[in-house]
Amino acid sequence: MIAPRTSLVAWAAVIVLPLSILAGVLGGFRGISILGIAVFALVSLIDLLLGLGKYRQLEVSLPVVIRVTAGRAFQLDLKLNESRSRRGTIRLAIDLPPSIKSEQSHMTVRIDGLISNLAVPVKALSDQRGTYLIRRAFFDWVSPFRFWVFREKRALDSEVRVYPDLALEGRKIAHFLDRGGFGVHRQRQIGRGREFEKLREYEAGDSFDSIHWKAAAKHHKPITKVFQVEKSQEVYLAIDSSRLSARSLSFSSSSSEQTILERSIAAALLAGATAERQGDFFGLITFSDKVDQLARARSGSLHFNHCRDLLINLQPKLVTPDFEDIAATLLNRLTKRSLLIFLTSLDDSVTGENFLAAARFLAQRHLIMAIMPSPPGTQPLFSAPGVEHTDQIYENITGHLRWAKLQELRKQLLQAGVLFHLAPGDKFTLTVVSEYLATKRRQLL
């Protein structure tokens with residue numbers, strides 16, 4: 001695209017307009033006026049030809065995949081390449097998605113000679129988790145006499161992946177992630193273990209329930225079963241992305257307040273990292289009205305990155321969980337006994353009843369645990385320090401009734417062999433990790 005600059009219009013007003021008026025008023029100066037206008041037009045044309053196509057061969061590129069963290073400033077490294085030697089200045093701008101903000105609307109780049117992988121840093125920031133595409137870059141330059149501006153655009157194929165910031169939640173569970181020491185249990189185990197290891201001859205002090213009676217009858221002497229602590233178990237974090245997950249964890253309407261889904265994503269990733277440190281395999285499940293994604297339990301950095309990529313675009317859906325269908329899918333696809341930790345909200349009566357019915361079937365094969373962030377104000381009556389106005393009395397009564405209903409649901413789930421925990425919003429991740437470790441320490445799986 002070629003466009004005249006303001007300087008060309010200004011010079012035209014200064015030169016062409018007066019000479020035209022002079023030629024019309026004084027006929028004797030008509031030749032000189034036409035000559036002056038012709039010279040000005042010629043200079044403008046020469047300026048246009050000198051600047052035309054100067055940087056038309058310029059190539060602009062970005063890395064194909066850029067991984068950044070939400071809420072932290074990052075840098076986009078633009079690369080410029082030009083096969084011919086040029087001297088001058090260009091203005092460069094990137095067409096960024098609305099969720100990515102840049103401190104600079106454009107960058108001015110000074111070019112002096114051959115351009116080969118010239119790096120142009122662009123500072124940016126994104127507060128929202130997700131995947132964003134960068135498709136276009138624009139640049140322009142001016143002609144030698146600064147009468148004309150030439151604009152070009154280049155197609156880009158770059159993907160910016162904005163991951164959730166786990167630093168704050170990670171500091172809360174840092175002591176779980178690094179136990180230190182080699183050749184020792186990362187968590188103190190309670191009991192003798194549940195995984196059969198071998199048979200050996202009876203020794204004084206062995207309990208009678210550990211005697212293998214068939215082997216004892218065959219060898220005509222007491223034979224004892226030896227058990228060991230199961231080293232690698234499968235742990236699945238199931239994240240609810242239905243309508244209730246879009247709620248905020250506080251009464252305030254601040255846009256910076258995290259939703260239940262955001263807290264669940266951070267808790268699931270950090271719990272998965274903790275499980276790997278404990279020697280377990282961790283998997284990931286996301287569900288709304290059905291099972292949306294299921295990543296088989298594995299370990300390693302590649303598996304963690306895969307799970308993180310599955311969660312990057314997870315958003316709440318305006319649907320209600322169908323736990324009956326979810327339970328049927330999990331029973332069909334997960335055949336080995338595993339620990340399933342559901343990060344969901346059960347304060348809705350219908351949702352709680354459906355989960356209870358489905359958990360009874362799941363508990364026949366798997367160990368089920370449900371952890372729910374406590375809704376604001378959900379606590380026993382008189383737990384608050386005091387009331388300042390009459391409305392707080394009704395709010396406290398409402399919170400107590402909600403808390404009592406969840407306690408009743410907890411008793412019903414416990415009778416069905418399902419563990420249920422109500423976690424404060426600011427300690428949700430800590431509760432998820434600590435309850436997983438408590439389950440592992442007690443060898444409930």
# chains A, B, ... in the order shown; residues from 1 in each chain; ligands from 1
$ residues_around --residues "Gly71 of chain A" --least-positions-apart "3" --cutoff "8 Å" --atoms "only C-alpha atoms" --output "VMD selection string"
chain A and resid 125 to 128 165
$ write_last_selection --atoms "N, CA and C atoms" --output "PDB file, in the first residue's frame"
ATOM      1  N   LEU A 125       2.141  -9.172  27.706  1.00  0.00           N
ATOM      2  CA  LEU A 125       1.598  -9.727  28.945  1.00  0.00           C
ATOM      3  C   LEU A 125       0.208 -10.280  28.662  1.00  0.00           C
ATOM      4  N   SER A 126      -0.101 -11.432  29.271  1.00  0.00           N
ATOM      5  CA  SER A 126      -1.432 -12.018  29.150  1.00  0.00           C
ATOM      6  C   SER A 126      -1.863 -12.528  30.524  1.00  0.00           C
ATOM      7  N   ASP A 127      -3.085 -12.163  30.925  1.00  0.00           N
ATOM      8  CA  ASP A 127      -3.618 -12.585  32.214  1.00  0.00           C
ATOM      9  C   ASP A 127      -4.542 -13.792  32.104  1.00  0.00           C
ATOM     10  N   GLN A 128      -4.881 -14.189  30.892  1.00  0.00           N
ATOM     11  CA  GLN A 128      -5.854 -15.257  30.700  1.00  0.00           C
ATOM     12  C   GLN A 128      -5.187 -16.496  30.129  1.00  0.00           C
ATOM     13  N   ASP A 165      -0.373 -19.850  36.236  1.00  0.00           N
ATOM     14  CA  ASP A 165       0.762 -19.565  37.110  1.00  0.00           C
ATOM     15  C   ASP A 165       0.634 -20.422  38.367  1.00  0.00           C
TER      16      ASP A 165
END
$ residues_around --residues "segment 149-152 of chain A" --least-positions-apart "4" --cutoff "6 Å" --atoms "only C-alpha atoms" --output "list of chain:residue names"
A:Met1, A:Ile2, A:Ala3, A:Phe138, A:Phe139, A:Asp140, A:Trp141, A:Val142
$ write_last_selection --atoms "N, CA, C and O atoms" --output "PDB file, in the first residue's frame"
ATOM      1  N   MET A   1       0.845  -1.191   0.000  1.00  0.00           N
ATOM      2  CA  MET A   1       0.000   0.000   0.000  1.00  0.00           C
ATOM      3  C   MET A   1       0.885   1.247   0.000  1.00  0.00           C
ATOM      4  O   MET A   1       1.871   1.328   0.730  1.00  0.00           O
ATOM      5  N   ILE A   2       0.553   2.217  -0.845  1.00  0.00           N
ATOM      6  CA  ILE A   2       1.298   3.467  -0.943  1.00  0.00           C
ATOM      7  C   ILE A   2       0.365   4.615  -0.577  1.00  0.00           C
ATOM      8  O   ILE A   2      -0.768   4.689  -1.063  1.00  0.00           O
ATOM      9  N   ALA A   3       0.830   5.491   0.294  1.00  0.00           N
ATOM     10  CA  ALA A   3      -0.003   6.611   0.730  1.00  0.00           C
ATOM     11  C   ALA A   3       0.864   7.857   0.856  1.00  0.00           C
ATOM     12  O   ALA A   3       2.034   7.785   1.249  1.00  0.00           O
ATOM     13  N   PHE A 138       2.767  -6.180  10.476  1.00  0.00           N
ATOM     14  CA  PHE A 138       2.725  -5.044   9.563  1.00  0.00           C
ATOM     15  C   PHE A 138       4.003  -4.229   9.730  1.00  0.00           C
ATOM     16  O   PHE A 138       4.545  -4.123  10.850  1.00  0.00           O
ATOM     17  N   PHE A 139       4.472  -3.652   8.640  1.00  0.00           N
ATOM     18  CA  PHE A 139       5.612  -2.739   8.721  1.00  0.00           C
ATOM     19  C   PHE A 139       5.482  -1.700   7.617  1.00  0.00           C
ATOM     20  O   PHE A 139       4.802  -1.916   6.601  1.00  0.00           O
ATOM     21  N   ASP A 140       6.104  -0.558   7.816  1.00  0.00           N
ATOM     22  CA  ASP A 140       6.102   0.500   6.804  1.00  0.00           C
ATOM     23  C   ASP A 140       7.433   1.231   6.824  1.00  0.00           C
ATOM     24  O   ASP A 140       8.216   1.115   7.770  1.00  0.00           O
ATOM     25  N   TRP A 141       7.686   1.953   5.760  1.00  0.00           N
ATOM     26  CA  TRP A 141       8.878   2.787   5.640  1.00  0.00           C
ATOM     27  C   TRP A 141       8.533   4.015   4.804  1.00  0.00           C
ATOM     28  O   TRP A 141       7.516   4.034   4.105  1.00  0.00           O
ATOM     29  N   VAL A 142       9.377   5.032   4.876  1.00  0.00           N
ATOM     30  CA  VAL A 142       9.111   6.281   4.154  1.00  0.00           C
ATOM     31  C   VAL A 142      10.147   6.449   3.052  1.00  0.00           C
ATOM     32  O   VAL A 142      11.247   5.881   3.084  1.00  0.00           O
TER      33      VAL A 142
END
$ residues_around --residues "Arg87 of chain A" --least-positions-apart "5" --cutoff "6 Å" --atoms "only C-alpha atoms" --output "list of chain:residue names"
A:Ile111, A:Asp112, A:Gly113
$ closest_residue --among "A:Arg67, A:Lys440, A:His106, A:Arg30" --to "Ile312 of chain A" --atoms "only C-alpha atoms"
A:Arg67
$ closest_atom_pairs --of "segment 250-358 of chain A" --to "segment 364-384 of chain A" --cutoff "10 Å" --atoms "only C-alpha atoms" --output "tab-separated table"
residue	atom	partner	partner_atom	distance
A:Ser250	CA	A:Pro376	CA	5.6
A:Phe251	CA	A:Pro376	CA	6.6
A:Ile260	CA	A:Pro373	CA	7.3
A:Arg263	CA	A:Pro373	CA	8.8
A:Ser264	CA	A:Pro373	CA	8.8
A:Leu330	CA	A:His366	CA	9.8
A:Leu331	CA	A:Arg365	CA	7.9
A:Leu334	CA	A:His366	CA	9.0
A:Thr335	CA	A:Arg365	CA	8.1
A:Lys336	CA	A:Arg365	CA	8.0
A:Arg337	CA	A:His366	CA	4.9
A:Ser338	CA	A:His366	CA	5.2
A:Leu339	CA	A:Leu367	CA	4.8
A:Leu340	CA	A:Ile368	CA	5.0
A:Ile341	CA	A:Met369	CA	4.7
A:Phe342	CA	A:Ala370	CA	4.6
A:Leu343	CA	A:Ile371	CA	5.3
A:Thr344	CA	A:Met372	CA	5.5
A:Ser345	CA	A:Met372	CA	5.4
A:Leu346	CA	A:Met372	CA	7.1
A:Asp347	CA	A:Pro375	CA	8.3
A:Phe355	CA	A:Ala370	CA	9.6
$ residues_around --residues "Asp77 of chain A" --least-positions-apart "4" --cutoff "9 Å" --atoms "only C-alpha atoms" --output "PDB file with C-alpha atoms, in the first residue's frame"
ATOM      1  CA  SER A  61       9.014 -14.637  11.492  1.00  0.00           C
ATOM      2  CA  LEU A  62       8.121 -15.783  15.002  1.00  0.00           C
ATOM      3  CA  PRO A  63       8.677 -19.145  16.745  1.00  0.00           C
ATOM      4  CA  ALA A 119      16.051  -9.890  16.567  1.00  0.00           C
ATOM      5  CA  VAL A 120      13.330  -7.420  17.523  1.00  0.00           C
ATOM      6  CA  PRO A 121      12.054  -7.978  21.096  1.00  0.00           C
ATOM      7  CA  VAL A 122       8.386  -7.235  21.782  1.00  0.00           C
ATOM      8  CA  LYS A 123       7.328  -7.099  25.437  1.00  0.00           C
TER       9      LYS A 123
END
$ atom_distance --atom1 "atom CA of Gly417 of chain A" --atom2 "atom CA of Ala363 of chain A"
6.4 Å
$ select_by_dssp --residues "segment 19-133 of chain A" --states "helix (DSSP H, G or I)" --output "ChimeraX atom specification"
/A:19-25,27-51
$ closest_residue --among "A:Leu199, A:Ile37, A:Ala267, A:Leu92" --to "Gly425 of chain A" --atoms "only C-alpha atoms"
A:Ala267
